[in-house]
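Before any comments, here is the structure.
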Amino acid sequence: VADVQEIIRAANRFAVPLWPISRGENLGYGGARSFRDASLILDLSRLNRIIEVNVPDAFCLVEPGVSFLQMFDYLERHDLPLWLSVPGYGAGSIIGNALERGVSSSPYGDHAAQICGLELILGDGELVRTGMGAMPHSGMWQRQQATIGPRYDEIFLQSNYGVVTKMGLWLMRAPEASAAIEIEIAERDSLGAVIECLAALKRLGVIQDSPAIASYLTSAALCSAKSDWMTGKGALDQNAETLLLRTLGLGWWNVKVRLYGLPDMVSLCLRQVEQELARLPGCSFHISRWQKGAPISSAHRGVPSIDGAGNVRWLGENGAHIDFSVAIPVSGAEALKHARWMIRELAACGLDYHSAFYLRDRHILNVVQLIFDQADEEMCQTVDVLYRRLINDVAMRGYGINRSPLDYRADVAATFSFGGNAIGNLAQRLKRALDPGSILSPGKDGLS
Ligand SMILES: Cc1cc2nc3c(=O)[nH]c(=O)nc-3n(C[C@H](O)[C@H](O)[C@H](O)COP(=O)(O)OP(=O)(O)OC[C@H]3O[C@@H](n4cnc5c(N)ncnc54)[C@H](O)[C@@H]3O)c2cc1C
């Protein structure tokens, strides 16, 4: 930490901007690079200690380089009854992912919400601990999020005010029992009905996680290439879609719902889910159960993997992706309207619809991967123009993008324009106060 502090002070002396990364695996949202390559990358991946894992109170304290794979391995090796919420790509860091508001479908899948205490260095080199960490010799740092006054953790998320050197994160306690219901929905236009069904179960407290309702291409791209189904340019056509769905045995939408608790609680919730799913047209499902004592490999917990990154080979060796992530209301009708609109917009540009709707309590997060051929200059330009247009189109409908690749973050920030860009002005004032030399990640979100 003292070394990082010294680097930041030196950067101030020589006016050299720094761009901190934890593991630099922010694929789909920028990767290990800075905005317009204007800064030196401050690579923190070798600060990779797991400082503490507390079982009774279910939390950990980690350094930036700790990946999901490393933490999962640690919990396994020490046989600890704690489950990690893992995103679709396990090589990333716990800190970088939570700072960028990463998600998974686990009940602990809103990773930013699980942060409890940060240690960070401001742009002027001052070392700060947030929350109870500000109290010398307190054992409460990872146990209590709010203290007196503002909760400062939040302003260091997706911002460029400080370099985080430690983070506390809450973990899920391993349940006594679990079940998974793998659901296939045959028809594209049944999306609204599925969402209404699962949202009702969530409101009742039957479902605690945030199930991802994923289009068939998210599975198909992991085990096949577009060229297996269709030749020529353009979005996947109807014949190719029918052939793919039949051959791979996928639903148009596929969902995995998980239930956790005591065995009787899981049985009760499972009955309720089965009953509701039976009413859905074109829906089939498969159930598997686990109970403490059975092999942990069959428990329905997240297991980090790097296999997901192979999905860009949908377009061959030069496949790449950027992600479009927007929050919409919990409404089946609105979700279907949004899906139809995105499918149309992507198809007009020759792109396929790799999409997942994460069902949360009060909103749905829709993440669409725009997979393109990075060797195809024309396609890259098309994607660039499309992405900028989509940002404005969703803003016109009153929906906010919560995460975007670096090149588009200023465009996204500009859509939050209430009161003559008052929020942008506030962010800029904070930037001046906390990083007066503008040393940290200049240009991120249009803040310099
Ligand atoms: C196939 C695939 C599936 C994916 N699925 C998911 C998913 O399900 N959910 C999800 O959330 N993401 C997903 N991702 C996106 C991404 O891979 C992860 O979010 C990943 O964890 C981010 O990488 P990282 O943690 O190494 O972040 P980094 O690249 O290290 O950091 C990201 C950014 O955060 C800031 N930052 C990082 N560390 C610090 C620090 N210490 N101090 C200050 N600022 C810092 C910087 O601006 C940096 O550019 C997926 C990616 C792929 C390829």
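Ordered as shown in the structure tokens, chains take letters A, B, and onward, while each chain numbers its residues from 1 and ligands are numbered from 1 in the order shown.
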Exercise. When the cut-off is 7 Å and you count only C-alpha atoms and all ligand atoms, which residues lie near ligand 1, shown as an MDAnalysis selection string?
Worked result: chainID A and resid 19:34 44 64 87:97 99:104 158 160 162:165 308:311 441
Quick one: residues within 10 Å of Ser215 of chain A, only C-alpha atoms, excluding same-chain residues fewer than 2 positions away - as a PDB file with N, CA, C and O atoms, in the first residue's frame?
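around-v7.pdb was written with the following content:
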```pdb
ATOM      1  N   ILE A 185     -38.186 -22.428 -22.506  1.00  0.00           N
ATOM      2  CA  ILE A 185     -39.411 -21.803 -23.029  1.00  0.00           C
ATOM      3  C   ILE A 185     -39.302 -21.849 -24.550  1.00  0.00           C
ATOM      4  O   ILE A 185     -38.356 -21.282 -25.114  1.00  0.00           O
ATOM      5  N   ARG A 188     -40.319 -17.424 -28.526  1.00  0.00           N
ATOM      6  CA  ARG A 188     -39.699 -16.130 -28.217  1.00  0.00           C
ATOM      7  C   ARG A 188     -40.680 -15.199 -27.509  1.00  0.00           C
ATOM      8  O   ARG A 188     -40.342 -14.532 -26.537  1.00  0.00           O
ATOM      9  N   LEU A 191     -41.710 -14.576 -23.555  1.00  0.00           N
ATOM     10  CA  LEU A 191     -40.828 -13.912 -22.574  1.00  0.00           C
ATOM     11  C   LEU A 191     -41.640 -13.173 -21.495  1.00  0.00           C
ATOM     12  O   LEU A 191     -41.360 -13.292 -20.295  1.00  0.00           O
ATOM     13  N   ALA A 212     -31.473 -15.519 -14.496  1.00  0.00           N
ATOM     14  CA  ALA A 212     -31.193 -14.906 -15.795  1.00  0.00           C
ATOM     15  C   ALA A 212     -31.994 -15.651 -16.862  1.00  0.00           C
ATOM     16  O   ALA A 212     -31.812 -16.855 -17.054  1.00  0.00           O
ATOM     17  N   ILE A 213     -32.882 -14.932 -17.527  1.00  0.00           N
ATOM     18  CA  ILE A 213     -33.680 -15.514 -18.614  1.00  0.00           C
ATOM     19  C   ILE A 213     -32.882 -15.219 -19.883  1.00  0.00           C
ATOM     20  O   ILE A 213     -32.788 -14.074 -20.322  1.00  0.00           O
ATOM     21  N   LEU A 217     -29.046 -18.160 -27.890  1.00  0.00           N
ATOM     22  CA  LEU A 217     -27.693 -17.960 -28.432  1.00  0.00           C
ATOM     23  C   LEU A 217     -26.631 -17.910 -27.345  1.00  0.00           C
ATOM     24  O   LEU A 217     -25.465 -18.195 -27.599  1.00  0.00           O
ATOM     25  N   THR A 218     -26.997 -17.553 -26.111  1.00  0.00           N
ATOM     26  CA  THR A 218     -25.983 -17.513 -25.047  1.00  0.00           C
ATOM     27  C   THR A 218     -25.448 -18.923 -24.785  1.00  0.00           C
ATOM     28  O   THR A 218     -24.280 -19.085 -24.449  1.00  0.00           O
ATOM     29  N   SER A 219     -26.295 -19.956 -24.950  1.00  0.00           N
ATOM     30  CA  SER A 219     -25.822 -21.343 -24.812  1.00  0.00           C
ATOM     31  C   SER A 219     -25.199 -21.825 -26.120  1.00  0.00           C
ATOM     32  O   SER A 219     -24.131 -22.448 -26.108  1.00  0.00           O
ATOM     33  N   ALA A 220     -25.849 -21.510 -27.224  1.00  0.00           N
ATOM     34  CA  ALA A 220     -25.384 -22.036 -28.519  1.00  0.00           C
ATOM     35  C   ALA A 220     -23.971 -21.541 -28.854  1.00  0.00           C
ATOM     36  O   ALA A 220     -23.161 -22.279 -29.424  1.00  0.00           O
ATOM     37  N   LEU A 250     -32.539 -26.727 -27.415  1.00  0.00           N
ATOM     38  CA  LEU A 250     -32.660 -25.573 -26.509  1.00  0.00           C
ATOM     39  C   LEU A 250     -34.041 -24.947 -26.628  1.00  0.00           C
ATOM     40  O   LEU A 250     -34.710 -25.064 -27.669  1.00  0.00           O
ATOM     41  N   GLY A 251     -34.464 -24.253 -25.561  1.00  0.00           N
ATOM     42  CA  GLY A 251     -35.633 -23.404 -25.677  1.00  0.00           C
ATOM     43  C   GLY A 251     -35.198 -22.079 -26.290  1.00  0.00           C
ATOM     44  O   GLY A 251     -34.000 -21.771 -26.322  1.00  0.00           O
ATOM     45  N   TRP A 252     -36.171 -21.267 -26.743  1.00  0.00           N
ATOM     46  CA  TRP A 252     -35.777 -19.937 -27.256  1.00  0.00           C
ATOM     47  C   TRP A 252     -35.190 -19.136 -26.093  1.00  0.00           C
ATOM     48  O   TRP A 252     -34.194 -18.455 -26.220  1.00  0.00           O
ATOM     49  N   TRP A 253     -35.876 -19.296 -24.917  1.00  0.00           N
ATOM     50  CA  TRP A 253     -35.352 -18.727 -23.666  1.00  0.00           C
ATOM     51  C   TRP A 253     -35.033 -19.874 -22.727  1.00  0.00           C
ATOM     52  O   TRP A 253     -35.771 -20.867 -22.682  1.00  0.00           O
ATOM     53  N   ASN A 254     -33.958 -19.749 -21.973  1.00  0.00           N
ATOM     54  CA  ASN A 254     -33.562 -20.782 -21.019  1.00  0.00           C
ATOM     55  C   ASN A 254     -33.244 -20.103 -19.687  1.00  0.00           C
ATOM     56  O   ASN A 254     -32.566 -19.068 -19.674  1.00  0.00           O
ATOM     57  N   VAL A 255     -33.741 -20.688 -18.602  1.00  0.00           N
ATOM     58  CA  VAL A 255     -33.587 -20.075 -17.274  1.00  0.00           C
ATOM     59  C   VAL A 255     -33.206 -21.151 -16.269  1.00  0.00           C
ATOM     60  O   VAL A 255     -33.714 -22.276 -16.352  1.00  0.00           O
ATOM     61  N   ALA A 339     -37.080  -6.596 -25.872  1.00  0.00           N
ATOM     62  CA  ALA A 339     -36.390  -7.680 -26.595  1.00  0.00           C
ATOM     63  C   ALA A 339     -36.659  -7.573 -28.096  1.00  0.00           C
ATOM     64  O   ALA A 339     -35.730  -7.643 -28.909  1.00  0.00           O
ATOM     65  N   TYR A 353     -28.645 -11.934 -31.441  1.00  0.00           N
ATOM     66  CA  TYR A 353     -29.171 -11.488 -30.148  1.00  0.00           C
ATOM     67  C   TYR A 353     -28.709 -12.416 -29.023  1.00  0.00           C
ATOM     68  O   TYR A 353     -29.360 -13.414 -28.713  1.00  0.00           O
ATOM     69  N   HIS A 354     -27.574 -12.074 -28.388  1.00  0.00           N
ATOM     70  CA  HIS A 354     -27.055 -12.830 -27.244  1.00  0.00           C
ATOM     71  C   HIS A 354     -27.477 -12.042 -26.004  1.00  0.00           C
ATOM     72  O   HIS A 354     -26.848 -11.028 -25.674  1.00  0.00           O
ATOM     73  N   SER A 355     -28.526 -12.474 -25.337  1.00  0.00           N
ATOM     74  CA  SER A 355     -29.143 -11.593 -24.342  1.00  0.00           C
ATOM     75  C   SER A 355     -29.542 -12.341 -23.078  1.00  0.00           C
ATOM     76  O   SER A 355     -29.938 -13.510 -23.133  1.00  0.00           O
ATOM     77  N   ALA A 356     -29.426 -11.669 -21.928  1.00  0.00           N
ATOM     78  CA  ALA A 356     -29.927 -12.248 -20.677  1.00  0.00           C
ATOM     79  C   ALA A 356     -30.650 -11.174 -19.879  1.00  0.00           C
ATOM     80  O   ALA A 356     -30.158 -10.041 -19.751  1.00  0.00           O
ATOM     81  N   PHE A 357     -31.831 -11.531 -19.359  1.00  0.00           N
ATOM     82  CA  PHE A 357     -32.601 -10.641 -18.489  1.00  0.00           C
ATOM     83  C   PHE A 357     -32.438 -11.127 -17.056  1.00  0.00           C
ATOM     84  O   PHE A 357     -32.930 -12.205 -16.724  1.00  0.00           O
ATOM     85  N   VAL A 368     -26.994  -7.379 -23.122  1.00  0.00           N
ATOM     86  CA  VAL A 368     -26.906  -7.937 -24.478  1.00  0.00           C
ATOM     87  C   VAL A 368     -25.447  -7.867 -24.921  1.00  0.00           C
ATOM     88  O   VAL A 368     -24.821  -6.809 -24.841  1.00  0.00           O
TER      89      VAL A 368
END
```
For this session: Extract, using only C-alpha atoms, all DNA, RNA and protein residues at most 12 Å from Ala240 of chain A, discarding same-chain residues fewer than 3 positions from it, and format them as a ChimeraX atom specification.
Result: /A:217,225-232,234-237,243-248,352
Problem set entry | Residue among A:Asp361, A:Glu377, A:Asp189, A:Asp411 lying closest to Arg340 of chain A, counting only C-alpha atoms |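 Going through A:Asp361, A:Glu377, A:Asp189, A:Asp411 one by one, the smallest distance to Arg340 of chain A is for A:Asp189.
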Problem set entry | Surrounding residues of segment 151-156 of chain A excluding itself and chain neighbours under 2 positions, 9 Å, only C-alpha atoms, as a PyMOL selection string | chain A and resi 99+112+115-118+120+130-131+145-149+158-164
Give me the residues near Ala199 of chain A as a PDB file with N, CA and C atoms, in the first residue's frame, where near means some atom within 9 Å (using only C-alpha atoms) and where sequence neighbours in that chain fewer than 3 positions away do not count.
```pdb
ATOM      1  N   VAL A 194     -43.183 -15.532 -18.910  1.00  0.00           N
ATOM      2  CA  VAL A 194     -42.179 -16.104 -17.989  1.00  0.00           C
ATOM      3  C   VAL A 194     -41.796 -15.070 -16.942  1.00  0.00           C
ATOM      4  N   ILE A 195     -41.569 -13.847 -17.404  1.00  0.00           N
ATOM      5  CA  ILE A 195     -41.143 -12.803 -16.470  1.00  0.00           C
ATOM      6  C   ILE A 195     -42.226 -12.559 -15.423  1.00  0.00           C
ATOM      7  N   GLU A 196     -43.487 -12.483 -15.858  1.00  0.00           N
ATOM      8  CA  GLU A 196     -44.571 -12.238 -14.886  1.00  0.00           C
ATOM      9  C   GLU A 196     -44.637 -13.386 -13.882  1.00  0.00           C
ATOM     10  N   LYS A 202     -40.951 -14.254  -7.047  1.00  0.00           N
ATOM     11  CA  LYS A 202     -39.928 -13.466  -6.342  1.00  0.00           C
ATOM     12  C   LYS A 202     -40.584 -12.544  -5.307  1.00  0.00           C
ATOM     13  N   ARG A 203     -41.711 -11.943  -5.699  1.00  0.00           N
ATOM     14  CA  ARG A 203     -42.398 -11.051  -4.743  1.00  0.00           C
ATOM     15  C   ARG A 203     -42.879 -11.817  -3.513  1.00  0.00           C
ATOM     16  N   LEU A 204     -43.219 -13.088  -3.703  1.00  0.00           N
ATOM     17  CA  LEU A 204     -43.673 -13.911  -2.571  1.00  0.00           C
ATOM     18  C   LEU A 204     -42.507 -14.369  -1.694  1.00  0.00           C
ATOM     19  N   ILE A 207     -38.525 -17.216  -4.597  1.00  0.00           N
ATOM     20  CA  ILE A 207     -37.235 -17.178  -5.296  1.00  0.00           C
ATOM     21  C   ILE A 207     -36.404 -16.052  -4.689  1.00  0.00           C
ATOM     22  N   VAL A 330     -39.823  -4.161 -13.895  1.00  0.00           N
ATOM     23  CA  VAL A 330     -40.233  -5.569 -13.803  1.00  0.00           C
ATOM     24  C   VAL A 330     -41.626  -5.681 -14.425  1.00  0.00           C
ATOM     25  N   SER A 331     -41.639  -5.808 -15.739  1.00  0.00           N
ATOM     26  CA  SER A 331     -42.902  -5.903 -16.476  1.00  0.00           C
ATOM     27  C   SER A 331     -42.670  -6.824 -17.664  1.00  0.00           C
ATOM     28  N   GLY A 332     -43.495  -7.869 -17.754  1.00  0.00           N
ATOM     29  CA  GLY A 332     -43.362  -8.809 -18.865  1.00  0.00           C
ATOM     30  C   GLY A 332     -43.557  -8.110 -20.201  1.00  0.00           C
ATOM     31  N   LEU A 359     -33.550 -10.981 -13.455  1.00  0.00           N
ATOM     32  CA  LEU A 359     -34.755 -10.526 -12.757  1.00  0.00           C
ATOM     33  C   LEU A 359     -34.413 -10.144 -11.325  1.00  0.00           C
ATOM     34  N   ARG A 360     -34.474  -8.853 -11.039  1.00  0.00           N
ATOM     35  CA  ARG A 360     -34.189  -8.368  -9.679  1.00  0.00           C
ATOM     36  C   ARG A 360     -35.503  -8.003  -8.981  1.00  0.00           C
ATOM     37  N   ASP A 361     -35.401  -7.489  -7.762  1.00  0.00           N
ATOM     38  CA  ASP A 361     -36.623  -7.170  -7.007  1.00  0.00           C
ATOM     39  C   ASP A 361     -37.442  -6.048  -7.641  1.00  0.00           C
TER      40      ASP A 361
END
```
Exercise. Atom CA of Asp376 of chain A and atom CA of Asn318 of chain A, how far apart in Å?
Worked result: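 Taking atom CA of Asn318 of chain A and atom CA of Asp376 of chain A, their separation equals 8.7 Å.
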Problem set entry | Atomic separation - atom CA of Gly446 of chain A relative to atom CA of Leu406 of chain A, Å |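 That distance, rounded to one decimal, is 9.8 Å.
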Exercise. From the list A:Ile183, A:Ile328, A:Cys223, A:Ala177, which residue is nearest His286 of chain A when using only C-alpha atoms?
Worked result: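 The shortest atom-to-atom distance to His286 of chain A comes from A:Ile183.
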Could you go through segment 156-385 of chain A and tell me which residues DSSP, when run on the backbone, assigns to strand (DSSP E or B), listing them as a JSON list (two decimals) with C-alpha atoms, in the first residue's frame?
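Saved as out-v7.json:
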```json
[["chain", "number", "residue", "atom", "x", "y", "z"],
["A", 162, "GLY", "CA", -9.23, 6.71, -5.66],
["A", 163, "VAL", "CA", -7.24, 3.48, -5.95],
["A", 164, "VAL", "CA", -8.78, 0.70, -3.88],
["A", 165, "THR", "CA", -6.20, -1.44, -2.08],
["A", 166, "LYS", "CA", -8.51, -3.55, 0.14],
["A", 167, "MET", "CA", -12.21, -4.41, 0.07],
["A", 168, "GLY", "CA", -14.52, -6.19, 2.47],
["A", 169, "LEU", "CA", -17.23, -8.28, 0.80],
["A", 170, "TRP", "CA", -20.14, -10.24, 2.26],
["A", 172, "MET", "CA", -23.41, -16.25, 1.17],
["A", 173, "ARG", "CA", -23.66, -18.83, 3.96],
["A", 177, "ALA", "CA", -30.34, -27.76, 1.01],
["A", 178, "SER", "CA", -30.83, -26.42, -2.50],
["A", 179, "ALA", "CA", -32.67, -27.15, -5.72],
["A", 180, "ALA", "CA", -32.33, -26.04, -9.33],
["A", 181, "ILE", "CA", -35.12, -25.85, -11.87],
["A", 182, "GLU", "CA", -33.81, -25.67, -15.43],
["A", 183, "ILE", "CA", -36.52, -24.20, -17.58],
["A", 184, "GLU", "CA", -36.91, -24.10, -21.37],
["A", 185, "ILE", "CA", -39.41, -21.80, -23.03],
["A", 212, "ALA", "CA", -31.19, -14.91, -15.80],
["A", 213, "ILE", "CA", -33.68, -15.51, -18.61],
["A", 214, "ALA", "CA", -31.24, -16.06, -21.46],
["A", 215, "SER", "CA", -31.78, -16.23, -25.22],
["A", 253, "TRP", "CA", -35.35, -18.73, -23.67],
["A", 254, "ASN", "CA", -33.56, -20.78, -21.02],
["A", 255, "VAL", "CA", -33.59, -20.07, -17.27],
["A", 256, "LYS", "CA", -32.07, -21.69, -14.22],
["A", 257, "VAL", "CA", -33.89, -20.90, -10.98],
["A", 258, "ARG", "CA", -32.23, -21.93, -7.71],
["A", 259, "LEU", "CA", -33.81, -22.35, -4.29],
["A", 260, "TYR", "CA", -31.97, -22.43, -0.95],
["A", 261, "GLY", "CA", -32.79, -23.08, 2.70],
["A", 283, "CYS", "CA", -42.57, -24.51, -20.92],
["A", 284, "SER", "CA", -40.68, -27.63, -19.90],
["A", 285, "PHE", "CA", -38.41, -28.01, -16.90],
["A", 286, "HIS", "CA", -36.03, -30.32, -15.11],
["A", 287, "ILE", "CA", -35.43, -30.37, -11.35],
["A", 288, "SER", "CA", -32.36, -31.43, -9.40],
["A", 289, "ARG", "CA", -31.95, -31.32, -5.61],
["A", 290, "TRP", "CA", -29.06, -31.25, -3.18],
["A", 291, "GLN", "CA", -28.81, -31.67, 0.56],
["A", 292, "LYS", "CA", -25.90, -31.17, 2.94],
["A", 294, "ALA", "CA", -24.31, -35.14, -0.65],
["A", 319, "GLY", "CA", -14.77, -12.66, -32.58],
["A", 320, "ALA", "CA", -15.01, -9.95, -29.89],
["A", 321, "HIS", "CA", -17.79, -8.40, -27.84],
["A", 322, "ILE", "CA", -19.01, -5.26, -26.13],
["A", 323, "ASP", "CA", -21.93, -5.39, -23.74],
["A", 324, "PHE", "CA", -25.05, -3.25, -23.58],
["A", 325, "SER", "CA", -26.50, -3.29, -20.06],
["A", 326, "VAL", "CA", -29.72, -1.45, -19.26],
["A", 327, "ALA", "CA", -32.24, -1.55, -16.41],
["A", 328, "ILE", "CA", -35.96, -1.75, -17.28],
["A", 354, "HIS", "CA", -27.06, -12.83, -27.24],
["A", 355, "SER", "CA", -29.14, -11.59, -24.34],
["A", 356, "ALA", "CA", -29.93, -12.25, -20.68],
["A", 357, "PHE", "CA", -32.60, -10.64, -18.49],
["A", 358, "TYR", "CA", -31.56, -10.70, -14.79],
["A", 359, "LEU", "CA", -34.76, -10.53, -12.76],
["A", 364, "ILE", "CA", -34.71, -6.17, -14.65],
["A", 365, "LEU", "CA", -31.15, -5.85, -15.86],
["A", 366, "ASN", "CA", -30.88, -6.74, -19.54],
["A", 367, "VAL", "CA", -27.34, -7.47, -20.72],
["A", 368, "VAL", "CA", -26.91, -7.94, -24.48],
["A", 369, "GLN", "CA", -23.54, -9.02, -25.84],
["A", 370, "LEU", "CA", -22.84, -7.45, -29.22],
["A", 371, "ILE", "CA", -20.55, -10.05, -30.76],
["A", 372, "PHE", "CA", -18.70, -8.80, -33.83],
["A", 373, "ASP", "CA", -15.72, -9.63, -36.03]]
```
For this session: Within 8 Å of Ile8 of chain A, counting only C-alpha atoms, which residues show up once you throw out same-chain ones fewer than 5 positions away? Write them as an MDAnalysis selection string, please.
Result: chainID A and resid 18 123:125 439
Problem set entry | Atomic distance atom CA of Asp307 of chain A - atom CA of His111 of chain A, expressed in Å with one decimal |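 According to the coordinates, atom CA of Asp307 of chain A and atom CA of His111 of chain A are separated by 21.2 Å.
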Problem set entry | Surrounding residues of Leu390 of chain A excluding itself and chain neighbours under 2 positions, 12 Å, only C-alpha atoms, as an MDAnalysis selection string | chainID A and resid 323:326 338 341:342 344:346 368 370 383:388 392:397 399:401 404 408 411:412 415
Problem set entry | Secondary structure check, alpha helix (DSSP H) residues of segment 281-335 of chain A, as a PyMOL selection string | chain A and resi 332-335
Go ahead and write the selection's residues with C-alpha atoms as a PDB file, in the first residue's frame.
```pdb
ATOM      1  CA  GLY A 332     -43.362  -8.809 -18.865  1.00  0.00           C
ATOM      2  CA  ALA A 333     -44.898  -6.550 -21.526  1.00  0.00           C
ATOM      3  CA  GLU A 334     -42.036  -4.051 -21.311  1.00  0.00           C
ATOM      4  CA  ALA A 335     -39.378  -6.791 -21.381  1.00  0.00           C
TER       5      ALA A 335
END
```
For this session: Can you work out which one of A:Arg301, A:Val55, A:Ile7, A:Arg362 has the shortest atom-to-atom distance to Asp79 of chain A, counting only C-alpha atoms?
Result: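 That would be A:Val55, the residue with the smallest distance to Asp79 of chain A.
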